[in-house]
Amino acid sequence: EKGGFEHFMMKEIHEQPKALKDTINTYIKDGKIDLSSVGISPEEFAQYHRICIVACGSAYHVGIAAKYVMEDLTGLMVDVDFASEFRYRNPKLSKDTLVIIISQSGETADSLAALRLTKEMGVKTLAIVNVVGSSIAREADYVMYTLAGPEIAVATTKAYSTQLICMYILSMYAAQVRGEIEESALDHMLQEIVLLPEKVASILTDKERIQWFANKFASAHDVFFIGRGLDYAICQEGSLKMKEVSYIHSEAYAAGELKHGTISLIEDGTLVIGVLTQSHLCEKTLSNMQEVKSRGAYLMGVAENGSYYLEDMVDFVVYVPKTDPHFTTTLAIIPLQLMGYYVSVARGLDVDKPRNLAKSVTVE
Ligand code: M6R
């Protein structure tokens with residue numbers, strides 16, 4: 001049942017190329033975005049002025065990445081909320097808002113409550129869900145399924161990655177129906193998105209290198225993930241993966257925020273992982289990495305192939321293939337998923353069922 005892998009988490013990490021491909025092929029046909037199975041018309045989509053993304057855990061991290069992508073490609077205002085906060089904070093919603101609920105299980109109590117609250121206010125909902133026929137899928141106005149297949153490990157990997165694909169496609173679609181993207185730019189992005197599955201597969205072929213590095217840090221006390229823009233979104237998911245399966249304290253920080261407090265935690269040997277896929281922001285993150293290094297941090301960097309030569313400054317580097325800058329989350333998260341997995345295994349922990357956690361959080 002684990003397809004030759006020792007754990008479901010590793011099996012599911014390896015299922016990502018197929019899950020991405022299946023999701024892409026469902027919503028991109030003959031090189032064009034096709035949301036006929038979702039049922040939302042281009043006219044309706046074009047009329048929204050604001051998008052609210054509501055989710056929990058990793059699905060919330062998809063929302064954070066999506067905010068960067070959607071705001072960059074469109075004129076839409078995009079908010080992202082934890083479902084557990086949204087439902088209790090008297091959110092102001094108007095009819096020109098579309099609320100997007102993201103949930104693998106479709107049964108998360110807070111996400112379901114947020115969906116019901118939105119509907120009571122007469123505002124439309126679109127759900128990105130993996131489990132067919134789940135409560136959120138049944139109750140939302142529109143459903144965009146992720147085609148990840150069943151996900152067993154508590155730590156999400158392939159569902160997260162397919163949720164990202166759905167949000168990239170919705171962002172491109174919004175830009176298209178609102179007339180905010182040139183046809184050639186859209187075509188270029190559509191050509192790039194279909195290449196993601198094989199790029200993910202190519203990163204996985206080098207997993208032993210990451211295992212070697214993870215083994216060295218299996219007894220770490222703290223890990224910090226830093227980045228800017230979309231790289232910060234990647235850091236938040238990388239940090240959650242690390243803490244939930246390895247029980248090592250970890251934090252994701254917007255690199256520019258370090259100086260406002262967190263840098264005091266850096267000691268000799270503290271592992272700091274810098275994510276560097278956004279070329280317009282990398283110089284700044286690099287200088288933050290330099291600052292923590294001079295205070296004793298041990299540095300790992302995740303960067304794009306051919307972008308920077310980091311070996312002089314960073315102790316361990318993972319390069320990922322180049323892609324459109326909006327899609328880098330899909331590639332840069334892979335080494336971070338592997339880090340969480342290998343550290344957990346090296347510590348002898350139950351990687352598929354970490355303590356205190358459930359796959360689907362159906363009570364608040
Ligand atoms: O089923 P959902 O996507 O609604 O679940 C949301 C979170 O509980 C989930 O992403 C959780 O954070 C994962 N264990 C993270 O790996």
# chains A, B, ... in the order shown; residues from 1 in each chain; ligands from 1
$ residues_near_ligand --ligand "ligand 1" --cutoff "8 Å" --atoms "only C-alpha atoms and all ligand atoms" --output "PyMOL selection string"
chain A and resi 55-60+102-108+111+129+154-157+159-160+240-241+244+357-361
$ write_last_selection --atoms "N, CA, C and O atoms" --output "mmCIF file, in the first residue's frame"
data_model
loop_
_atom_site.group_PDB
_atom_site.id
_atom_site.type_symbol
_atom_site.label_atom_id
_atom_site.label_comp_id
_atom_site.auth_asym_id
_atom_site.auth_seq_id
_atom_site.Cartn_x
_atom_site.Cartn_y
_atom_site.Cartn_z
ATOM 1 N N ALA A 55 -8.752 29.539 5.033
ATOM 2 C CA ALA A 55 -8.280 28.158 5.155
ATOM 3 C C ALA A 55 -7.531 27.984 6.470
ATOM 4 O O ALA A 55 -7.362 28.940 7.230
ATOM 5 N N CYS A 56 -7.067 26.750 6.715
ATOM 6 C CA CYS A 56 -6.285 26.448 7.923
ATOM 7 C C CYS A 56 -4.972 25.763 7.518
ATOM 8 O O CYS A 56 -4.911 25.073 6.495
ATOM 9 N N GLY A 57 -3.970 25.884 8.347
ATOM 10 C CA GLY A 57 -2.716 25.133 8.192
ATOM 11 C C GLY A 57 -2.067 25.349 6.846
ATOM 12 O O GLY A 57 -1.916 26.472 6.359
ATOM 13 N N SER A 58 -1.689 24.239 6.214
ATOM 14 C CA SER A 58 -0.989 24.337 4.930
ATOM 15 C C SER A 58 -1.869 24.974 3.859
ATOM 16 O O SER A 58 -1.364 25.669 2.971
ATOM 17 N N ALA A 59 -3.172 24.727 3.934
ATOM 18 C CA ALA A 59 -4.071 25.316 2.935
ATOM 19 C C ALA A 59 -4.047 26.843 3.059
ATOM 20 O O ALA A 59 -4.140 27.572 2.065
ATOM 21 N N TYR A 60 -3.887 27.321 4.296
ATOM 22 C CA TYR A 60 -3.737 28.775 4.524
ATOM 23 C C TYR A 60 -2.428 29.263 3.878
ATOM 24 O O TYR A 60 -2.381 30.349 3.293
ATOM 25 N N ILE A 102 -10.120 26.889 0.943
ATOM 26 C CA ILE A 102 -9.210 25.825 0.494
ATOM 27 C C ILE A 102 -9.138 24.753 1.587
ATOM 28 O O ILE A 102 -8.882 25.068 2.750
ATOM 29 N N SER A 103 -9.387 23.490 1.197
ATOM 30 C CA SER A 103 -9.345 22.411 2.185
ATOM 31 C C SER A 103 -9.120 21.068 1.498
ATOM 32 O O SER A 103 -9.857 20.700 0.591
ATOM 33 N N GLN A 104 -8.108 20.351 1.947
ATOM 34 C CA GLN A 104 -7.877 19.007 1.406
ATOM 35 C C GLN A 104 -9.053 18.104 1.748
ATOM 36 O O GLN A 104 -9.662 17.496 0.875
ATOM 37 N N SER A 105 -9.363 18.011 3.041
ATOM 38 C CA SER A 105 -10.377 17.049 3.505
ATOM 39 C C SER A 105 -11.797 17.487 3.166
ATOM 40 O O SER A 105 -12.689 16.652 3.025
ATOM 41 N N GLY A 106 -11.999 18.798 3.115
ATOM 42 C CA GLY A 106 -13.369 19.303 2.942
ATOM 43 C C GLY A 106 -14.198 19.152 4.198
ATOM 44 O O GLY A 106 -15.422 19.345 4.174
ATOM 45 N N GLU A 107 -13.538 18.816 5.325
ATOM 46 C CA GLU A 107 -14.282 18.594 6.571
ATOM 47 C C GLU A 107 -13.740 19.420 7.728
ATOM 48 O O GLU A 107 -14.230 19.272 8.855
ATOM 49 N N THR A 108 -12.750 20.250 7.507
ATOM 50 C CA THR A 108 -12.171 21.035 8.608
ATOM 51 C C THR A 108 -13.246 21.937 9.219
ATOM 52 O O THR A 108 -13.889 22.724 8.509
ATOM 53 N N SER A 111 -13.099 25.770 8.674
ATOM 54 C CA SER A 111 -13.257 26.145 7.259
ATOM 55 C C SER A 111 -14.720 25.997 6.840
ATOM 56 O O SER A 111 -15.266 26.828 6.111
ATOM 57 N N VAL A 129 -11.039 21.739 -3.120
ATOM 58 C CA VAL A 129 -11.174 20.594 -2.219
ATOM 59 C C VAL A 129 -10.587 19.353 -2.885
ATOM 60 O O VAL A 129 -10.646 19.206 -4.107
ATOM 61 N N VAL A 154 -0.376 12.529 7.740
ATOM 62 C CA VAL A 154 -0.958 13.726 8.371
ATOM 63 C C VAL A 154 -0.365 14.988 7.747
ATOM 64 O O VAL A 154 -1.075 15.963 7.487
ATOM 65 N N ALA A 155 0.928 14.979 7.497
ATOM 66 C CA ALA A 155 1.562 16.155 6.883
ATOM 67 C C ALA A 155 1.202 16.194 5.406
ATOM 68 O O ALA A 155 1.488 15.254 4.657
ATOM 69 N N THR A 156 0.580 17.259 4.989
ATOM 70 C CA THR A 156 0.166 17.331 3.583
ATOM 71 C C THR A 156 1.343 17.673 2.678
ATOM 72 O O THR A 156 2.194 18.485 3.031
ATOM 73 N N THR A 157 1.380 17.043 1.534
ATOM 74 C CA THR A 157 2.418 17.359 0.534
ATOM 75 C C THR A 157 1.741 17.516 -0.829
ATOM 76 O O THR A 157 1.674 18.611 -1.370
ATOM 77 N N ALA A 159 -1.436 17.296 -1.664
ATOM 78 C CA ALA A 159 -2.661 18.116 -1.698
ATOM 79 C C ALA A 159 -2.269 19.592 -1.723
ATOM 80 O O ALA A 159 -2.809 20.380 -2.509
ATOM 81 N N TYR A 160 -1.306 19.956 -0.875
ATOM 82 C CA TYR A 160 -0.802 21.342 -0.864
ATOM 83 C C TYR A 160 -0.363 21.748 -2.273
ATOM 84 O O TYR A 160 -0.728 22.815 -2.773
ATOM 85 N N LEU A 240 6.279 24.785 8.822
ATOM 86 C CA LEU A 240 5.219 23.932 9.385
ATOM 87 C C LEU A 240 5.560 22.454 9.165
ATOM 88 O O LEU A 240 5.402 21.630 10.062
ATOM 89 N N LYS A 241 6.067 22.127 7.966
ATOM 90 C CA LYS A 241 6.456 20.741 7.700
ATOM 91 C C LYS A 241 7.486 20.300 8.732
ATOM 92 O O LYS A 241 7.384 19.229 9.316
ATOM 93 N N GLU A 244 5.914 19.972 12.380
ATOM 94 C CA GLU A 244 4.883 18.961 12.642
ATOM 95 C C GLU A 244 5.413 17.541 12.600
ATOM 96 O O GLU A 244 4.968 16.712 13.381
ATOM 97 N N LEU A 357 -1.626 15.152 16.577
ATOM 98 C CA LEU A 357 -2.234 15.689 15.354
ATOM 99 C C LEU A 357 -3.209 14.702 14.729
ATOM 100 O O LEU A 357 -3.036 13.493 14.838
ATOM 101 N N ALA A 358 -4.216 15.239 14.037
ATOM 102 C CA ALA A 358 -5.154 14.400 13.280
ATOM 103 C C ALA A 358 -5.107 14.847 11.824
ATOM 104 O O ALA A 358 -4.799 15.995 11.531
ATOM 105 N N LYS A 359 -5.409 13.936 10.930
ATOM 106 C CA LYS A 359 -5.386 14.286 9.504
ATOM 107 C C LYS A 359 -6.424 15.351 9.190
ATOM 108 O O LYS A 359 -6.191 16.254 8.404
ATOM 109 N N SER A 360 -7.581 15.215 9.819
ATOM 110 C CA SER A 360 -8.624 16.176 9.509
ATOM 111 C C SER A 360 -9.159 16.716 10.843
ATOM 112 O O SER A 360 -9.538 15.944 11.729
ATOM 113 N N VAL A 361 -9.143 18.040 10.991
ATOM 114 C CA VAL A 361 -9.482 18.666 12.277
ATOM 115 C C VAL A 361 -10.964 19.024 12.264
ATOM 116 O O VAL A 361 -11.356 20.107 11.843
#
$ select_by_dssp --residues "range 117-340 of chain A" --states "helix (DSSP H, G or I)" --output "ChimeraX atom specification"
/A:117-120,135-139,158-177,183-193,196-204,207-216,230-246,255-260,262-265,279-293,325-340
$ closest_atom_pairs --of "range 184-254 of chain A" --to "range 329-337 of chain A" --cutoff "9 Å" --atoms "only C-alpha atoms" --output "Markdown table"
| residue | atom | partner | partner_atom | distance |
| --- | --- | --- | --- | --- |
| A:Leu196 | CA | A:Thr330 | CA | 7.6 |
| A:Lys199 | CA | A:Leu331 | CA | 7.3 |
| A:Val200 | CA | A:Leu331 | CA | 5.9 |
| A:Ile203 | CA | A:Ile334 | CA | 7.2 |
| A:Leu204 | CA | A:Ile334 | CA | 7.6 |
| A:Lys207 | CA | A:Pro335 | CA | 7.7 |
| A:Ile210 | CA | A:Pro335 | CA | 7.0 |
| A:Leu230 | CA | A:Thr329 | CA | 7.1 |
| A:Asp231 | CA | A:Thr329 | CA | 7.3 |
| A:Ala233 | CA | A:Thr329 | CA | 7.8 |
| A:Ile234 | CA | A:Thr329 | CA | 5.8 |
| A:Cys235 | CA | A:Ile333 | CA | 8.2 |
| A:Glu237 | CA | A:Ile333 | CA | 7.6 |
| A:Gly238 | CA | A:Leu336 | CA | 5.2 |
| A:Ser239 | CA | A:Leu336 | CA | 8.1 |
| A:Lys241 | CA | A:Gln337 | CA | 6.3 |
| A:Met242 | CA | A:Gln337 | CA | 7.7 |
$ write_last_selection --atoms "N, CA and C atoms" --output "compact mmCIF listing (two decimals), in the first residue's frame"
# COMPACT_ATOMS: atom_id res chain seq x y z
N LEU A 196 5.93 22.02 -14.88
CA LEU A 196 6.23 21.87 -13.45
C LEU A 196 6.34 20.41 -12.99
N LYS A 199 9.72 19.04 -13.59
CA LYS A 199 10.73 19.74 -12.79
C LYS A 199 10.71 19.25 -11.34
N VAL A 200 9.51 19.01 -10.82
CA VAL A 200 9.41 18.44 -9.46
C VAL A 200 10.09 17.07 -9.44
N ILE A 203 13.82 17.32 -9.16
CA ILE A 203 14.34 17.67 -7.82
C ILE A 203 14.38 16.40 -6.95
N LEU A 204 13.38 15.54 -7.12
CA LEU A 204 13.30 14.33 -6.29
C LEU A 204 14.45 13.35 -6.57
N LYS A 207 17.36 13.47 -3.92
CA LYS A 207 16.93 13.53 -2.52
C LYS A 207 17.99 13.04 -1.52
N ILE A 210 19.87 15.73 0.23
CA ILE A 210 19.11 16.40 1.29
C ILE A 210 19.07 15.51 2.54
N LEU A 230 7.08 35.88 -2.26
CA LEU A 230 6.67 34.48 -2.38
C LEU A 230 7.59 33.55 -1.63
N ASP A 231 8.86 33.94 -1.52
CA ASP A 231 9.80 33.10 -0.77
C ASP A 231 9.41 33.02 0.70
N ALA A 233 6.28 33.02 1.70
CA ALA A 233 5.17 32.06 1.71
C ALA A 233 5.71 30.63 1.73
N ILE A 234 6.75 30.38 0.96
CA ILE A 234 7.37 29.04 0.92
C ILE A 234 7.93 28.71 2.31
N CYS A 235 8.55 29.71 2.93
CA CYS A 235 9.14 29.51 4.25
C CYS A 235 8.09 29.08 5.27
N GLU A 237 5.35 27.38 4.85
CA GLU A 237 5.00 25.97 4.68
C GLU A 237 6.18 25.06 5.06
N GLY A 238 7.39 25.47 4.69
CA GLY A 238 8.58 24.67 5.04
C GLY A 238 8.72 24.55 6.55
N SER A 239 8.44 25.63 7.24
CA SER A 239 8.56 25.63 8.70
C SER A 239 7.50 24.74 9.35
N LYS A 241 6.07 22.13 7.97
CA LYS A 241 6.46 20.74 7.70
C LYS A 241 7.49 20.30 8.73
N MET A 242 8.50 21.15 8.93
CA MET A 242 9.58 20.79 9.85
C MET A 242 9.04 20.55 11.25
$ residues_around --residues "range 311-328 of chain A" --least-positions-apart "6" --cutoff "6 Å" --atoms "only C-alpha atoms" --output "number ranges by chain"
A: 69, 299-305
$ write_last_selection --atoms "N, CA and C atoms" --output "PDB file, in the first residue's frame"
ATOM      1  N   VAL A  69       0.601  35.992  -5.948  1.00  0.00           N
ATOM      2  CA  VAL A  69       0.450  35.710  -7.380  1.00  0.00           C
ATOM      3  C   VAL A  69      -0.727  36.499  -7.956  1.00  0.00           C
ATOM      4  N   LEU A 299      24.122  28.160   7.428  1.00  0.00           N
ATOM      5  CA  LEU A 299      23.181  28.553   6.378  1.00  0.00           C
ATOM      6  C   LEU A 299      22.906  27.469   5.342  1.00  0.00           C
ATOM      7  N   MET A 300      21.617  27.272   5.075  1.00  0.00           N
ATOM      8  CA  MET A 300      21.204  26.487   3.902  1.00  0.00           C
ATOM      9  C   MET A 300      20.481  27.463   2.972  1.00  0.00           C
ATOM     10  N   GLY A 301      20.704  27.333   1.677  1.00  0.00           N
ATOM     11  CA  GLY A 301      20.016  28.193   0.715  1.00  0.00           C
ATOM     12  C   GLY A 301      19.257  27.356  -0.301  1.00  0.00           C
ATOM     13  N   VAL A 302      18.088  27.832  -0.691  1.00  0.00           N
ATOM     14  CA  VAL A 302      17.343  27.204  -1.793  1.00  0.00           C
ATOM     15  C   VAL A 302      17.197  28.277  -2.871  1.00  0.00           C
ATOM     16  N   ALA A 303      17.798  28.032  -4.032  1.00  0.00           N
ATOM     17  CA  ALA A 303      17.809  29.055  -5.075  1.00  0.00           C
ATOM     18  C   ALA A 303      17.547  28.421  -6.431  1.00  0.00           C
ATOM     19  N   GLU A 304      17.352  29.279  -7.432  1.00  0.00           N
ATOM     20  CA  GLU A 304      17.106  28.754  -8.781  1.00  0.00           C
ATOM     21  C   GLU A 304      18.427  28.468  -9.484  1.00  0.00           C
ATOM     22  N   ASN A 305      18.419  27.425 -10.267  1.00  0.00           N
ATOM     23  CA  ASN A 305      19.574  27.076 -11.091  1.00  0.00           C
ATOM     24  C   ASN A 305      20.065  28.273 -11.882  1.00  0.00           C
TER      25      ASN A 305
END
$ atom_distance --atom1 "CA of Thr285 in chain A" --atom2 "CA of His61 in chain A"
20.1 Å
$ residues_around --residues "Leu147 in chain A" --least-positions-apart "2" --cutoff "7 Å" --atoms "only C-alpha atoms" --output "PDB file with N, CA and C atoms, in the first residue's frame"
ATOM      1  N   ALA A  19       0.172  14.019  -9.488  1.00  0.00           N
ATOM      2  CA  ALA A  19      -0.954  14.805  -8.956  1.00  0.00           C
ATOM      3  C   ALA A  19      -1.016  16.181  -9.635  1.00  0.00           C
ATOM      4  N   ASP A  22      -2.258  15.674 -13.282  1.00  0.00           N
ATOM      5  CA  ASP A  22      -3.698  15.395 -13.357  1.00  0.00           C
ATOM      6  C   ASP A  22      -4.505  16.666 -13.112  1.00  0.00           C
ATOM      7  N   THR A  23      -4.037  17.484 -12.177  1.00  0.00           N
ATOM      8  CA  THR A  23      -4.770  18.721 -11.874  1.00  0.00           C
ATOM      9  C   THR A  23      -4.644  19.707 -13.033  1.00  0.00           C
ATOM     10  N   ASN A 130     -10.054  18.451  -2.047  1.00  0.00           N
ATOM     11  CA  ASN A 130      -9.523  17.204  -2.608  1.00  0.00           C
ATOM     12  C   ASN A 130     -10.514  16.043  -2.489  1.00  0.00           C
ATOM     13  N   TYR A 145     -11.927  20.868  -7.862  1.00  0.00           N
ATOM     14  CA  TYR A 145     -11.262  19.749  -7.196  1.00  0.00           C
ATOM     15  C   TYR A 145      -9.765  19.722  -7.509  1.00  0.00           C
ATOM     16  N   GLY A 149      -5.587  12.660  -5.360  1.00  0.00           N
ATOM     17  CA  GLY A 149      -5.823  11.282  -4.905  1.00  0.00           C
ATOM     18  C   GLY A 149      -5.797  11.265  -3.384  1.00  0.00           C
ATOM     19  N   THR A 162      -1.156  20.557  -5.202  1.00  0.00           N
ATOM     20  CA  THR A 162      -2.232  20.683  -6.196  1.00  0.00           C
ATOM     21  C   THR A 162      -3.119  21.897  -5.899  1.00  0.00           C
TER      22      THR A 162
END
$ residues_around --residues "range 181-194 of chain A" --least-positions-apart "6" --cutoff "9 Å" --atoms "only C-alpha atoms" --output "PyMOL selection string"
chain A and resi 20-21+24-25+28+31-33+73-74+165+168-169+172+175+323-324+326-327
$ atom_distance --atom1 "CA of Lys2 in chain A" --atom2 "CA of Ile152 in chain A"
10.0 Å
$ select_by_dssp --residues "range 68-221 of chain A" --states "strand (DSSP E or B)" --output "MDAnalysis selection string"
chainID A and resid 77:82 97:103 124:129 142:145
$ atom_distance --atom1 "CA of Asp268 in chain A" --atom2 "CA of Lys216 in chain A"
15.2 Å
$ residues_around --residues "range 66-68 of chain A" --least-positions-apart "2" --cutoff "8 Å" --atoms "only C-alpha atoms" --output "PyMOL selection string"
chain A and resi 62-64+70-72+78-80+164+167-168+171+229-230
$ residues_around --residues "Ala46 in chain A" --least-positions-apart "3" --cutoff "12 Å" --atoms "only C-alpha atoms" --output "list in words"
Ile40, Ser41, Pro42, Glu43, His49, Arg50, Ile51, Thr74, Gly75, Leu76, Asp96, Thr97, Leu98, Leu170, Ser171, Tyr173, Ala174, Ala175, Gln176, Val177, Arg178, Gly179 and Glu180 of chain A
$ closest_residue --among "A:Ser250, A:Thr146, A:Val245, A:Pro197" --to "Val223 in chain A" --atoms "only C-alpha atoms"
A:Ser250
$ decode --residues "range 157-167 of chain A" --atoms "all heavy atoms" --output "CSV table (one decimal), in the first residue's frame"
chain,number,residue,atom,x,y,z
A,157,THR,N,1.4,17.0,1.5
A,157,THR,CA,2.4,17.4,0.5
A,157,THR,C,1.7,17.5,-0.8
A,157,THR,O,1.7,18.6,-1.4
A,157,THR,CB,3.5,16.3,0.5
A,157,THR,OG1,2.9,15.0,0.3
A,157,THR,CG2,4.3,16.3,1.7
A,158,LYS,N,1.2,16.4,-1.3
A,158,LYS,CA,0.6,16.5,-2.7
A,158,LYS,C,-0.7,17.3,-2.7
A,158,LYS,O,-0.9,17.9,-3.8
A,158,LYS,CB,0.5,15.1,-3.3
A,158,LYS,CG,-0.5,14.2,-2.5
A,158,LYS,CD,-0.7,12.8,-3.2
A,158,LYS,CE,-1.6,11.9,-2.5
A,158,LYS,NZ,-2.0,10.8,-3.3
A,159,ALA,N,-1.4,17.3,-1.7
A,159,ALA,CA,-2.7,18.1,-1.7
A,159,ALA,C,-2.3,19.6,-1.7
A,159,ALA,O,-2.8,20.4,-2.5
A,159,ALA,CB,-3.6,17.8,-0.5
A,160,TYR,N,-1.3,20.0,-0.9
A,160,TYR,CA,-0.8,21.3,-0.9
A,160,TYR,C,-0.4,21.7,-2.3
A,160,TYR,O,-0.7,22.8,-2.8
A,160,TYR,CB,0.4,21.4,0.1
A,160,TYR,CG,1.2,22.7,0.0
A,160,TYR,CD1,0.9,23.8,0.7
A,160,TYR,CD2,2.4,22.7,-0.8
A,160,TYR,CE1,1.7,25.0,0.6
A,160,TYR,CE2,3.2,23.8,-0.9
A,160,TYR,CZ,2.8,25.0,-0.2
A,160,TYR,OH,3.6,26.1,-0.3
A,161,SER,N,0.4,20.9,-2.9
A,161,SER,CA,1.0,21.2,-4.2
A,161,SER,C,-0.1,21.4,-5.3
A,161,SER,O,0.0,22.3,-6.2
A,161,SER,CB,2.0,20.2,-4.7
A,161,SER,OG,3.1,20.3,-3.8
A,162,THR,N,-1.2,20.6,-5.2
A,162,THR,CA,-2.2,20.7,-6.2
A,162,THR,C,-3.1,21.9,-5.9
A,162,THR,O,-3.7,22.5,-6.8
A,162,THR,CB,-3.1,19.4,-6.3
A,162,THR,OG1,-3.6,19.1,-5.0
A,162,THR,CG2,-2.3,18.2,-6.8
A,163,GLN,N,-3.2,22.2,-4.6
A,163,GLN,CA,-4.0,23.5,-4.3
A,163,GLN,C,-3.3,24.7,-4.9
A,163,GLN,O,-4.0,25.6,-5.4
A,163,GLN,CB,-4.1,23.6,-2.8
A,163,GLN,CG,-5.0,22.6,-2.1
A,163,GLN,CD,-4.8,22.5,-0.6
A,163,GLN,OE1,-3.8,23.1,0.0
A,163,GLN,NE2,-5.6,21.8,0.1
A,164,LEU,N,-2.0,24.7,-4.8
A,164,LEU,CA,-1.2,25.8,-5.4
A,164,LEU,C,-1.5,25.9,-6.9
A,164,LEU,O,-1.7,27.0,-7.4
A,164,LEU,CB,0.3,25.6,-5.3
A,164,LEU,CG,1.0,26.0,-4.0
A,164,LEU,CD1,2.4,25.6,-4.0
A,164,LEU,CD2,0.9,27.5,-3.8
A,165,ILE,N,-1.5,24.7,-7.6
A,165,ILE,CA,-1.8,24.7,-9.0
A,165,ILE,C,-3.2,25.4,-9.3
A,165,ILE,O,-3.3,26.2,-10.2
A,165,ILE,CB,-1.8,23.3,-9.6
A,165,ILE,CG1,-0.4,22.7,-9.5
A,165,ILE,CG2,-2.3,23.2,-11.0
A,165,ILE,CD1,0.7,23.3,-10.4
A,166,CYS,N,-4.2,25.0,-8.5
A,166,CYS,CA,-5.5,25.6,-8.7
A,166,CYS,C,-5.5,27.1,-8.5
A,166,CYS,O,-6.1,27.8,-9.3
A,166,CYS,CB,-6.5,24.9,-7.7
A,166,CYS,SG,-6.9,23.3,-8.1
A,167,MET,N,-4.7,27.6,-7.5
A,167,MET,CA,-4.7,29.0,-7.3
A,167,MET,C,-3.9,29.7,-8.4
A,167,MET,O,-4.3,30.8,-8.8
A,167,MET,CB,-4.1,29.3,-6.0
A,167,MET,CG,-5.0,29.1,-4.8
A,167,MET,SD,-6.7,29.8,-4.9
A,167,MET,CE,-6.4,31.5,-5.2
